[in-house]
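Dropping final.csv in here (CSV, C-alpha atoms):
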```csv
chain,number,residue,atom,x,y,z
A,1,MET,CA,124.2,101.8,105.6
A,2,ASN,CA,123.0,105.2,104.4
A,3,ASN,CA,120.2,107.3,105.9
A,4,TYR,CA,117.7,105.9,103.4
A,5,SER,CA,118.0,102.4,104.8
A,6,GLU,CA,118.6,103.5,108.4
A,7,ALA,CA,115.4,105.5,108.6
A,8,PHE,CA,113.2,102.4,108.1
A,9,LYS,CA,114.6,100.9,111.3
A,10,ASP,CA,112.5,103.2,113.3
A,11,ILE,CA,109.4,101.4,112.1
A,12,PRO,CA,108.3,98.8,114.7
A,13,GLY,CA,107.9,95.1,113.7
A,14,THR,CA,109.1,95.6,110.1
A,15,VAL,CA,112.1,94.4,108.2
A,16,VAL,CA,112.7,96.4,105.0
A,17,PHE,CA,114.3,94.2,102.3
A,18,ASP,CA,117.3,96.4,101.4
A,19,GLY,CA,120.6,95.5,99.9
A,20,VAL,CA,122.1,94.3,103.2
A,21,GLN,CA,119.1,91.9,103.8
A,22,SER,CA,119.2,90.8,100.2
A,23,ARG,CA,122.8,89.8,100.4
A,24,ARG,CA,122.4,88.1,103.8
A,25,GLY,CA,119.4,86.1,102.6
A,26,TYR,CA,120.3,85.3,99.0
A,27,HIS,CA,120.7,81.5,99.4
A,28,LEU,CA,117.8,81.3,101.8
A,29,ASN,CA,115.5,83.0,99.3
A,30,MET,CA,116.9,81.0,96.4
A,31,PHE,CA,116.1,77.8,98.4
A,32,CYS,CA,112.5,79.2,98.7
A,33,MET,CA,112.4,79.8,95.0
A,34,SER,CA,113.2,76.2,94.3
A,35,LEU,CA,109.9,75.2,96.0
A,36,MET,CA,108.1,76.6,93.0
A,37,LYS,CA,108.8,73.2,91.3
A,38,ALA,CA,106.7,70.2,92.4
A,39,ASP,CA,109.7,67.9,92.4
A,40,ASN,CA,111.6,70.1,94.8
A,41,ARG,CA,108.6,70.4,97.1
A,42,ALA,CA,108.5,66.6,97.3
A,43,ALA,CA,112.2,66.3,97.9
A,44,PHE,CA,112.1,68.9,100.6
A,45,LYS,CA,109.2,67.2,102.4
A,46,ALA,CA,110.9,63.8,102.1
A,47,GLY,CA,114.0,65.1,104.0
A,48,GLU,CA,114.1,68.7,105.0
A,49,ARG,CA,117.6,68.8,106.6
A,50,ALA,CA,119.2,67.0,103.6
A,51,PHE,CA,117.4,69.3,101.1
A,52,LEU,CA,118.6,72.4,102.9
A,53,GLU,CA,122.2,71.2,102.7
A,54,ARG,CA,122.0,71.7,98.9
A,55,TYR,CA,122.0,75.5,99.5
A,56,PRO,CA,125.0,77.3,101.0
A,57,MET,CA,123.0,78.9,103.9
A,58,THR,CA,124.2,79.5,107.4
A,59,ASP,CA,123.2,76.9,110.0
A,60,GLU,CA,121.1,79.6,111.7
A,61,GLN,CA,119.1,80.1,108.5
A,62,ARG,CA,118.6,76.3,108.1
A,63,GLN,CA,117.4,76.0,111.7
A,64,ALA,CA,115.0,78.9,111.3
A,65,VAL,CA,113.5,77.1,108.3
A,66,LEU,CA,113.2,73.8,110.2
A,67,ASP,CA,111.6,75.6,113.1
A,68,ARG,CA,109.3,77.5,110.7
A,69,ASP,CA,110.3,80.6,112.6
A,70,TYR,CA,109.3,83.3,110.1
A,71,ASN,CA,110.4,86.3,112.1
A,72,ARG,CA,113.8,84.7,112.5
A,73,MET,CA,113.9,84.0,108.7
A,74,LEU,CA,113.0,87.7,108.0
A,75,ALA,CA,115.8,88.8,110.3
A,76,LEU,CA,118.3,86.5,108.6
A,77,GLY,CA,117.5,88.0,105.1
A,78,GLY,CA,114.4,86.2,104.1
A,79,ASN,CA,111.9,88.1,102.0
A,80,ILE,CA,108.2,87.5,102.7
A,81,TYR,CA,107.3,86.7,99.1
A,82,PHE,CA,110.0,84.1,99.0
A,83,LEU,CA,109.3,82.7,102.5
A,84,ALA,CA,105.6,82.3,101.5
A,85,LYS,CA,106.6,79.5,99.2
A,86,ILE,CA,107.6,77.5,102.4
A,87,GLY,CA,104.1,78.2,103.7
A,88,ALA,CA,102.5,77.1,100.5
A,89,THR,CA,104.6,73.9,100.6
A,90,ASP,CA,103.2,73.3,104.1
A,91,GLY,CA,99.7,74.0,102.8
A,92,PHE,CA,99.2,77.2,104.8
A,93,SER,CA,97.6,80.4,103.5
A,94,PHE,CA,99.3,83.8,103.6
A,95,GLN,CA,96.9,84.8,106.4
A,96,ASN,CA,98.1,81.8,108.4
A,97,LEU,CA,101.7,82.9,108.0
A,98,ALA,CA,100.8,86.5,108.9
A,99,SER,CA,99.1,85.3,112.1
A,100,LYS,CA,102.2,83.2,113.1
A,101,MET,CA,104.5,86.3,112.7
A,102,THR,CA,102.3,88.4,114.9
A,103,GLY,CA,102.1,85.7,117.6
A,104,MET,CA,98.3,85.6,117.4
A,105,SER,CA,96.1,82.6,116.7
A,106,GLU,CA,94.8,82.4,113.2
A,107,ASP,CA,91.2,83.0,114.4
A,108,ALA,CA,92.2,86.0,116.5
A,109,TYR,CA,94.2,87.5,113.6
A,110,ARG,CA,91.3,86.9,111.2
A,111,ALA,CA,88.9,88.6,113.6
A,112,MET,CA,91.3,91.6,113.9
A,113,MET,CA,91.3,92.0,110.1
A,114,ILE,CA,87.5,91.8,109.9
A,115,ALA,CA,87.3,94.5,112.6
A,116,GLY,CA,89.4,96.8,110.4
A,117,GLY,CA,93.0,95.6,110.8
A,118,ARG,CA,95.8,96.7,113.0
A,119,SER,CA,95.7,100.4,113.7
A,120,PRO,CA,98.7,102.6,112.7
A,121,GLU,CA,98.2,104.4,116.0
A,122,GLY,CA,101.2,103.6,118.2
A,123,ASN,CA,102.7,101.4,115.4
A,124,ARG,CA,104.4,104.1,113.3
A,125,SER,CA,107.7,104.8,115.1
A,126,LEU,CA,109.9,103.3,117.8
A,127,ALA,CA,111.1,106.8,118.7
A,128,GLU,CA,107.5,107.9,119.2
A,129,ARG,CA,107.1,105.0,121.6
A,130,GLY,CA,110.3,106.1,123.4
A,131,GLN,CA,112.2,103.0,122.1
A,132,ARG,CA,115.4,102.8,120.2
A,133,SER,CA,115.8,101.8,116.5
A,134,ARG,CA,117.1,98.3,115.9
B,1,MET,CA,96.1,106.9,66.2
B,2,ALA,CA,95.9,105.1,69.5
B,3,ARG,CA,94.3,106.9,72.4
B,4,ILE,CA,94.0,106.4,76.2
B,5,SER,CA,90.3,106.3,77.1
B,6,ALA,CA,90.6,105.6,80.8
B,7,GLY,CA,92.6,104.3,83.6
B,8,LEU,CA,91.8,102.3,86.7
B,9,ALA,CA,93.6,101.0,89.8
B,10,THR,CA,92.8,98.0,91.9
B,11,SER,CA,94.3,95.9,94.6
B,12,HIS,CA,95.5,92.4,93.4
B,13,VAL,CA,95.1,90.3,96.5
B,14,PRO,CA,95.9,86.6,95.7
B,15,ALA,CA,93.2,85.3,98.0
B,16,ILE,CA,90.6,87.0,95.8
B,17,GLY,CA,91.9,85.0,92.8
B,18,ALA,CA,91.7,81.8,94.9
B,19,ALA,CA,88.1,82.7,96.0
B,20,ILE,CA,87.1,83.2,92.3
B,21,ASP,CA,88.9,80.0,91.1
B,22,LEU,CA,87.5,77.8,93.9
B,23,GLY,CA,83.9,79.1,93.5
B,24,LYS,CA,83.8,80.8,96.9
B,25,THR,CA,82.5,84.1,95.6
B,26,GLY,CA,79.0,83.5,97.2
B,27,GLU,CA,80.5,83.3,100.7
B,28,SER,CA,79.6,86.2,103.0
B,29,TYR,CA,83.3,87.0,103.5
B,30,TRP,CA,83.9,87.5,99.7
B,31,GLN,CA,80.5,88.9,98.6
B,32,PRO,CA,81.2,92.6,99.6
B,33,VAL,CA,84.6,92.5,98.0
B,34,LEU,CA,83.2,91.2,94.7
B,35,ALA,CA,80.2,93.4,94.8
B,36,GLY,CA,82.5,96.4,94.7
B,37,TYR,CA,83.4,95.4,91.1
B,38,ASP,CA,79.8,95.0,89.8
B,39,PHE,CA,79.7,98.6,88.5
B,40,SER,CA,83.2,98.2,87.0
B,41,LYS,CA,82.3,95.0,85.1
B,42,ARG,CA,79.3,96.7,83.5
B,43,TRP,CA,81.4,99.8,82.8
B,44,ILE,CA,84.2,97.9,81.1
B,45,ALA,CA,81.8,95.8,79.0
B,46,GLU,CA,80.4,99.2,77.6
B,47,HIS,CA,83.9,100.7,77.2
B,48,LYS,CA,85.8,97.7,76.0
B,49,PRO,CA,89.5,98.4,75.6
B,50,ASP,CA,91.5,96.9,72.7
B,51,VAL,CA,94.6,96.9,74.9
B,52,VAL,CA,95.3,97.2,78.6
B,53,ILE,CA,98.7,98.4,79.8
B,54,LEU,CA,98.7,96.5,83.0
B,55,VAL,CA,101.1,97.8,85.7
B,56,TYR,CA,101.8,95.2,88.4
B,57,ASN,CA,104.6,93.7,90.4
B,58,ASP,CA,105.9,90.2,90.2
B,59,HIS,CA,106.0,88.4,93.6
B,60,ALA,CA,109.1,86.2,93.2
B,61,SER,CA,107.5,84.3,90.4
B,62,ALA,CA,109.1,85.3,87.1
B,63,PHE,CA,112.0,87.2,88.8
B,64,SER,CA,114.0,85.8,91.7
B,65,LEU,CA,117.0,87.5,93.2
B,66,GLU,CA,119.1,86.6,90.1
B,67,LEU,CA,117.7,89.5,88.1
B,68,ILE,CA,115.7,92.4,89.4
B,69,PRO,CA,114.5,94.9,86.8
B,70,THR,CA,113.0,98.1,88.1
B,71,PHE,CA,110.7,98.5,85.1
B,72,ALA,CA,110.2,95.5,82.7
B,73,ILE,CA,107.8,95.6,79.7
B,74,GLY,CA,106.4,92.4,78.3
B,75,CYS,CA,106.9,92.4,74.5
B,76,ALA,CA,105.9,88.7,73.9
B,77,GLU,CA,103.0,87.4,71.9
B,78,SER,CA,101.6,85.7,75.0
B,79,PHE,CA,102.2,85.2,78.7
B,80,ALA,CA,101.4,82.1,80.7
B,81,PRO,CA,99.9,82.2,84.3
B,82,ALA,CA,102.7,81.4,86.7
B,83,ASP,CA,102.8,78.5,89.1
B,84,GLU,CA,103.1,80.2,92.5
B,85,GLY,CA,103.4,77.0,94.5
B,86,TRP,CA,99.8,75.8,94.2
B,87,GLY,CA,99.9,75.2,90.4
B,88,PRO,CA,99.0,77.9,87.9
B,89,ARG,CA,95.7,79.8,88.3
B,90,PRO,CA,93.1,78.2,86.0
B,91,VAL,CA,92.8,81.4,83.9
B,92,PRO,CA,93.3,82.0,80.2
B,93,ALA,CA,96.8,82.8,78.8
B,94,VAL,CA,97.4,86.5,78.5
B,95,GLU,CA,97.7,87.7,74.8
B,96,GLY,CA,100.2,90.5,74.4
B,97,HIS,CA,100.4,93.3,71.9
B,98,PRO,CA,104.1,93.1,70.7
B,99,ASP,CA,103.7,96.0,68.2
B,100,LEU,CA,102.5,98.4,70.9
B,101,ALA,CA,104.8,97.0,73.6
B,102,TRP,CA,107.9,97.5,71.4
B,103,HIS,CA,106.7,101.0,70.4
B,104,ILE,CA,106.3,101.9,74.1
B,105,ALA,CA,109.7,100.4,74.9
B,106,GLN,CA,111.4,102.4,72.1
B,107,SER,CA,109.6,105.6,72.9
B,108,THR,CA,110.2,105.5,76.7
B,109,ILE,CA,113.8,104.4,76.3
B,110,LEU,CA,114.5,107.4,74.0
B,111,ASP,CA,112.7,109.5,76.6
B,112,GLU,CA,115.4,108.4,79.0
B,113,PHE,CA,113.5,105.7,80.9
B,114,ASP,CA,115.8,102.6,81.0
B,115,MET,CA,113.2,99.9,80.4
B,116,THR,CA,114.0,96.2,80.5
B,117,ILE,CA,112.5,94.3,77.5
B,118,VAL,CA,111.1,90.9,78.3
B,119,ASN,CA,110.3,88.3,75.7
B,120,ARG,CA,109.5,85.4,78.0
B,121,MET,CA,107.7,85.9,81.3
B,122,ASP,CA,105.1,84.0,83.3
B,123,VAL,CA,102.6,86.4,85.0
B,124,ASP,CA,101.5,85.9,88.6
B,125,HIS,CA,98.4,87.0,90.6
B,126,GLY,CA,99.6,90.6,90.5
B,127,LEU,CA,98.5,90.6,86.8
B,128,THR,CA,95.8,88.0,86.6
B,129,VAL,CA,93.7,88.9,89.7
B,130,PRO,CA,92.8,92.4,88.3
B,131,LEU,CA,91.8,90.7,85.0
B,132,SER,CA,89.5,88.3,86.9
B,133,LEU,CA,88.0,91.2,88.9
B,134,LEU,CA,87.1,93.2,85.8
B,135,PHE,CA,86.3,90.4,83.3
B,136,GLY,CA,85.1,87.5,85.5
B,137,GLN,CA,85.9,84.0,84.2
B,138,PRO,CA,85.8,84.1,80.4
B,139,ALA,CA,87.3,81.4,78.1
B,140,ALA,CA,89.7,84.0,76.8
B,141,TRP,CA,90.5,87.5,78.0
B,142,PRO,CA,88.5,90.0,75.9
B,143,CYS,CA,91.5,92.3,75.1
B,144,ARG,CA,95.2,92.3,74.6
B,145,VAL,CA,97.4,93.1,77.6
B,146,VAL,CA,100.9,94.6,77.8
B,147,PRO,CA,102.4,93.6,81.1
B,148,LEU,CA,104.5,96.3,82.8
B,149,ALA,CA,106.3,94.8,85.8
B,150,VAL,CA,107.6,97.2,88.5
B,151,ASN,CA,110.1,96.1,91.2
B,152,VAL,CA,108.5,96.8,94.6
B,153,VAL,CA,110.0,93.8,96.4
B,154,GLN,CA,113.7,94.6,96.6
B,155,TYR,CA,114.5,98.0,98.1
B,156,PRO,CA,114.8,100.6,96.8
B,157,PRO,CA,111.8,100.5,94.5
B,158,PRO,CA,111.3,103.4,92.1
B,159,THR,CA,110.1,106.6,93.6
B,160,GLY,CA,106.5,107.7,93.2
B,161,ASN,CA,107.7,110.6,91.2
B,162,ARG,CA,109.6,108.4,88.7
B,163,CYS,CA,106.5,106.2,88.3
B,164,TYR,CA,104.4,109.3,87.7
B,165,HIS,CA,106.8,110.5,85.0
B,166,LEU,CA,107.0,107.1,83.4
B,167,GLY,CA,103.2,107.2,83.2
B,168,GLN,CA,103.5,110.5,81.3
B,169,ALA,CA,106.1,109.0,78.9
B,170,ILE,CA,103.8,106.0,78.3
B,171,ARG,CA,101.0,108.5,77.5
B,172,LYS,CA,103.2,110.2,74.9
B,173,ALA,CA,104.2,106.8,73.5
B,174,ILE,CA,100.6,105.6,73.1
B,175,LYS,CA,99.4,108.8,71.5
B,176,SER,CA,102.1,108.5,68.9
B,177,PHE,CA,101.3,104.8,68.0
B,178,ASP,CA,100.0,104.6,64.5
B,179,GLN,CA,97.1,102.2,64.9
B,180,ASP,CA,93.5,103.0,65.8
B,181,LEU,CA,93.4,101.5,69.3
B,182,LYS,CA,91.5,102.2,72.5
B,183,VAL,CA,94.0,101.7,75.3
B,184,MET,CA,93.5,101.6,79.1
B,185,VAL,CA,96.2,101.8,81.7
B,186,TRP,CA,95.7,99.9,84.9
B,187,GLY,CA,97.7,100.4,88.1
B,188,THR,CA,97.5,97.6,90.6
B,189,GLY,CA,98.6,96.6,94.1
B,190,GLY,CA,97.9,98.1,97.5
B,191,MET,CA,96.2,99.6,99.3
B,192,SER,CA,97.5,99.6,102.9
B,193,HIS,CA,98.8,96.2,104.0
B,194,GLN,CA,101.7,94.5,105.8
B,195,LEU,CA,102.3,90.8,105.3
B,196,GLN,CA,105.4,90.4,107.4
B,197,GLY,CA,106.6,90.6,111.0
B,198,PRO,CA,104.9,91.5,114.3
B,199,ARG,CA,103.2,94.5,112.6
B,200,ALA,CA,101.5,92.3,110.0
B,201,GLY,CA,97.8,93.2,109.5
B,202,LEU,CA,98.3,97.0,109.5
B,203,ILE,CA,95.5,98.9,107.8
B,204,ASN,CA,95.2,102.7,107.4
B,205,ARG,CA,91.9,103.8,106.1
B,206,GLU,CA,92.7,107.5,106.5
B,207,PHE,CA,95.9,107.2,104.5
B,208,ASP,CA,94.1,105.2,101.8
B,209,THR,CA,91.3,107.6,101.5
B,210,ARG,CA,93.7,110.6,101.2
B,211,PHE,CA,95.6,108.6,98.6
B,212,LEU,CA,92.5,108.0,96.6
B,213,ASP,CA,91.5,111.7,96.8
B,214,ARG,CA,94.9,113.0,95.8
B,215,LEU,CA,95.4,110.5,93.0
B,216,THR,CA,92.8,112.4,91.0
B,217,THR,CA,93.1,116.0,92.3
B,218,ASP,CA,96.7,116.5,93.3
B,219,PRO,CA,98.9,113.7,91.8
B,220,GLU,CA,102.0,115.8,91.6
B,221,ARG,CA,102.0,116.3,95.3
B,222,LEU,CA,101.2,112.6,95.9
B,223,ALA,CA,104.1,111.7,93.7
B,224,ARG,CA,106.5,113.4,96.1
B,225,LEU,CA,105.6,111.1,99.0
B,226,PRO,CA,108.8,109.4,100.1
B,227,HIS,CA,109.0,105.6,100.5
B,228,ILE,CA,109.2,105.8,104.3
B,229,ASP,CA,105.8,107.4,104.5
B,230,TYR,CA,104.3,104.5,102.5
B,231,VAL,CA,105.9,101.9,104.8
B,232,ARG,CA,105.2,103.8,108.0
B,233,GLU,CA,101.6,104.7,107.2
B,234,ALA,CA,100.4,102.0,104.8
B,235,GLY,CA,102.5,99.0,105.8
B,236,SER,CA,105.6,97.4,104.2
B,237,GLU,CA,103.6,96.1,101.3
B,238,GLY,CA,101.6,99.3,100.9
B,239,ILE,CA,104.6,100.5,98.9
B,240,GLU,CA,102.9,98.8,95.9
B,241,LEU,CA,100.8,102.0,95.7
B,242,VAL,CA,103.7,103.7,93.7
B,243,MET,CA,102.4,101.7,90.8
B,244,TRP,CA,99.1,103.5,90.8
B,245,LEU,CA,101.0,106.7,89.9
B,246,ILE,CA,102.1,105.2,86.6
B,247,MET,CA,98.5,104.9,85.7
B,248,ARG,CA,97.8,108.4,86.8
B,249,GLY,CA,100.7,109.9,84.9
B,250,ALA,CA,99.4,108.2,81.7
B,251,LEU,CA,96.0,110.0,82.0
B,252,ASP,CA,95.2,113.6,81.3
B,253,ALA,CA,95.6,116.2,84.0
B,254,ASP,CA,91.9,116.8,84.1
B,255,ALA,CA,90.9,113.1,84.2
B,256,ARG,CA,87.6,112.5,86.1
B,257,GLU,CA,87.0,110.0,88.9
B,258,ILE,CA,83.9,108.1,87.9
B,259,TYR,CA,83.9,105.3,90.5
B,260,ARG,CA,85.6,104.4,93.8
B,261,PHE,CA,85.4,101.3,96.1
B,262,TYR,CA,87.1,100.6,99.4
B,263,HIS,CA,86.7,97.6,101.6
B,264,VAL,CA,88.6,96.0,104.5
B,265,PRO,CA,89.6,93.3,104.5
B,266,ALA,CA,90.5,90.8,101.8
B,267,SER,CA,92.7,88.4,103.7
B,268,ASN,CA,95.5,90.8,105.0
B,269,THR,CA,94.7,93.8,102.7
B,270,ALA,CA,92.6,96.9,102.3
B,271,VAL,CA,91.0,96.6,98.9
B,272,GLY,CA,90.9,99.8,96.9
B,273,HIS,CA,89.6,100.5,93.4
B,274,ILE,CA,89.2,103.6,91.4
B,275,ILE,CA,88.2,104.4,87.8
B,276,LEU,CA,89.3,107.5,86.0
B,277,GLU,CA,88.1,108.7,82.6
B,278,ASN,CA,89.9,111.0,80.2
B,279,PRO,CA,87.7,113.9,79.0
B,280,ARG,CA,86.9,113.7,75.3
```
Starting from the coordinates I provided, produce the structure as structure tokens.
Amino acid sequence: MNNYSEAFKDIPGTVVFDGVQSRRGYHLNMFCMSLMKADNRAAFKAGERAFLERYPMTDEQRQAVLDRDYNRMLALGGNIYFLAKIGATDGFSFQNLASKMTGMSEDAYRAMMIAGGRSPEGNRSLAERGQRSR
Amino acid sequence: MARISAGLATSHVPAIGAAIDLGKTGESYWQPVLAGYDFSKRWIAEHKPDVVILVYNDHASAFSLELIPTFAIGCAESFAPADEGWGPRPVPAVEGHPDLAWHIAQSTILDEFDMTIVNRMDVDHGLTVPLSLLFGQPAAWPCRVVPLAVNVVQYPPPTGNRCYHLGQAIRKAIKSFDQDLKVMVWGTGGMSHQLQGPRAGLINREFDTRFLDRLTTDPERLARLPHIDYVREAGSEGIELVMWLIMRGALDADAREIYRFYHVPASNTAVGHIILENPR
């Protein structure tokens, strides 16, 4: 893509939801959108695999949903506000989802937030860390 | 004629709404967050607006990926609280002000801002949590509200500079509205937070403090901050702060800061809140 989108790839641990990601994740995100209706939440819970077949996603995307692998879903075009609807269907808070994506326990994540959150120091730039952009 | 008396900005963290709705406001985790709004509740009771122009973003509630307006103004008579997956928040419906909303739409479009006009829209926590923070839990909201939804979910969102100039166009529109109304403009979202990926939980107190300082004293410089600086410094969801610049643009250049509050955390987010008054 252009320099505008490329520049964000230097930021560690972050997927910016640009046009490429939006096109990649369209059906994944529209599946998530369907979970705003109680009937769809019930149908999804009753048979996840079958429900996911209703949406023309890739098998990789379906598997990431079944695995509740949020970082994988982000990489495959999911947007966090859409993906949060899967979390809500499962009965998890946003903080729980955030802890999962960081690989921390929910308690450890919560304690980090109460202590002031994750510092930007060392988290601004891959280049600054001597690493390459994705 | 209508006039803009004041503006304010506040975070709109959904967990704060849940804490209020579920009666958890007495918990030690939430007390310091809510206490930061005690002054503001008294202040707004004394300076009651007739209408609030409430700048917020929809979080995949009213707008999916089918249609993504950059700036959408709610022109309906009323707006229902959205079901975000847990059922709608138990808060009153939001009464709009179609006369003023249409006037702002016309004035800003003729001023070359290509607004999207919305006649049916449910409003999510981005709009209702700020109302709860300022007005508590009344049976009906004490003023009319014109929702102004800004896309900050799909990149690219509007630039800070565009937001600032839209605020100025809204100011011009309100000042030319032929009804005697006291209007406030609220900017919501932010401050630093990141909800996604391994970097989730990022908080940047220094960035936030500088943002709060410059919002009042040097908004034109602040408006030139590029998107990448927001994402790098304030987290991927810190980009919501561009919406505060719409509020700032709507106020006078010499508006005065009369209150500020900052607290970490509410769930994943740094809570920031500021009140600006226009000089008489």
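Atom CA of Cys143 of chain B is found 5.2 Å from atom CA of Asp50 of chain B.
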Worksheet item: Can you list, as number ranges by chain, every protein, DNA or RNA residue that comes within 9 Å of Lys48 of chain B when you count all atoms listed in the file, leaving out same-chain residues fewer than 3 positions away?
Response: B: 43-45, 51, 142-143, 182
Item to complete: Please report as a PyMOL selection string which residues of chain A come no farther than 9 Å from chain B, using all atoms listed in the file.
Response: chain A and resi 4-5+7-8+11-19+22+26+29-30+33+35-38+41+70-71+74+79-82+85-86+88-89+91+93-95+97-103+109-110+112-120+123-125
Fill in: Nearest to Gly47 of chain A by atom-to-atom distance, counting only C-alpha atoms, from A:Gly122, A:Leu66, A:Gln21, A:Gln61
A:Leu66
Discussion item. Just checking: using only C-alpha atoms, which residue out of B:Ile239, B:Leu54, B:Ala250, B:Leu133 ends up closest to Ala19 of chain B?
Written reply: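 Once distances to Ala19 of chain B are computed over only C-alpha atoms, the minimum belongs to B:Leu133.
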Item to complete: Give me, please, the distance in Å between atom CA of His103 of chain B and atom CA of Tyr56 of chain B, quoted to one decimal.
Response: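 Going from atom CA of His103 of chain B over to atom CA of Tyr56 of chain B, I get 19.5 Å.
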Worksheet item: Which neighbours of Cys75 of chain B fall inside 8 Å, counting only C-alpha atoms, when residues of the same chain fewer than 6 positions from it are skipped, and could you give them as a PyMOL selection string?
Response: chain B and resi 96-99+101-102+117-119+146
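Closest approach to Gly17 of chain B among B:Ala72, B:Ala80, B:Ala173, B:Val129 is made by B:Val129 (distances from only C-alpha atoms).
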Excluding same-chain residues fewer than 4 positions from Ala253 of chain B, what lies within 10 Å of it counting all atoms listed in the file, as a PDB file with C-alpha atoms, in the coordinates of the input?
```
ATOM      1  CA  THR B 216      92.800 112.400  91.000  1.00  0.00           C
ATOM      2  CA  THR B 217      93.100 116.000  92.300  1.00  0.00           C
ATOM      3  CA  ASP B 218      96.700 116.500  93.300  1.00  0.00           C
ATOM      4  CA  PRO B 219      98.900 113.700  91.800  1.00  0.00           C
ATOM      5  CA  GLU B 220     102.000 115.800  91.600  1.00  0.00           C
ATOM      6  CA  ARG B 248      97.800 108.400  86.800  1.00  0.00           C
ATOM      7  CA  GLY B 249     100.700 109.900  84.900  1.00  0.00           C
ATOM      8  CA  ASN B 278      89.900 111.000  80.200  1.00  0.00           C
ATOM      9  CA  PRO B 279      87.700 113.900  79.000  1.00  0.00           C
TER      10      PRO B 279
END
```
Taking the block just given, write segment 89-110 of chain A to a file that holds C-alpha atoms, as a PDB file, in the first residue's frame.
```pdb
ATOM      1  CA  THR A  89     -21.465 -13.812  23.309  1.00  0.00           C
ATOM      2  CA  ASP A  90     -19.039 -15.870  25.406  1.00  0.00           C
ATOM      3  CA  GLY A  91     -19.776 -13.636  28.417  1.00  0.00           C
ATOM      4  CA  PHE A  92     -16.332 -12.039  28.638  1.00  0.00           C
ATOM      5  CA  SER A  93     -15.536  -8.389  29.336  1.00  0.00           C
ATOM      6  CA  PHE A  94     -13.368  -6.241  27.099  1.00  0.00           C
ATOM      7  CA  GLN A  95     -10.666  -6.401  29.752  1.00  0.00           C
ATOM      8  CA  ASN A  96     -10.714 -10.183  29.597  1.00  0.00           C
ATOM      9  CA  LEU A  97     -10.249 -10.077  25.807  1.00  0.00           C
ATOM     10  CA  ALA A  98      -7.441  -7.555  26.126  1.00  0.00           C
ATOM     11  CA  SER A  99      -5.628  -9.774  28.631  1.00  0.00           C
ATOM     12  CA  LYS A 100      -5.961 -12.749  26.257  1.00  0.00           C
ATOM     13  CA  MET A 101      -4.381 -10.777  23.407  1.00  0.00           C
ATOM     14  CA  THR A 102      -1.418  -9.799  25.569  1.00  0.00           C
ATOM     15  CA  GLY A 103      -0.872 -13.366  26.775  1.00  0.00           C
ATOM     16  CA  MET A 104      -1.261 -12.258  30.405  1.00  0.00           C
ATOM     17  CA  SER A 105      -3.677 -13.658  32.954  1.00  0.00           C
ATOM     18  CA  GLU A 106      -6.691 -11.437  33.531  1.00  0.00           C
ATOM     19  CA  ASP A 107      -5.519 -10.718  37.096  1.00  0.00           C
ATOM     20  CA  ALA A 108      -2.022  -9.753  35.975  1.00  0.00           C
ATOM     21  CA  TYR A 109      -3.419  -7.549  33.208  1.00  0.00           C
ATOM     22  CA  ARG A 110      -5.825  -5.853  35.607  1.00  0.00           C
TER      23      ARG A 110
END
```
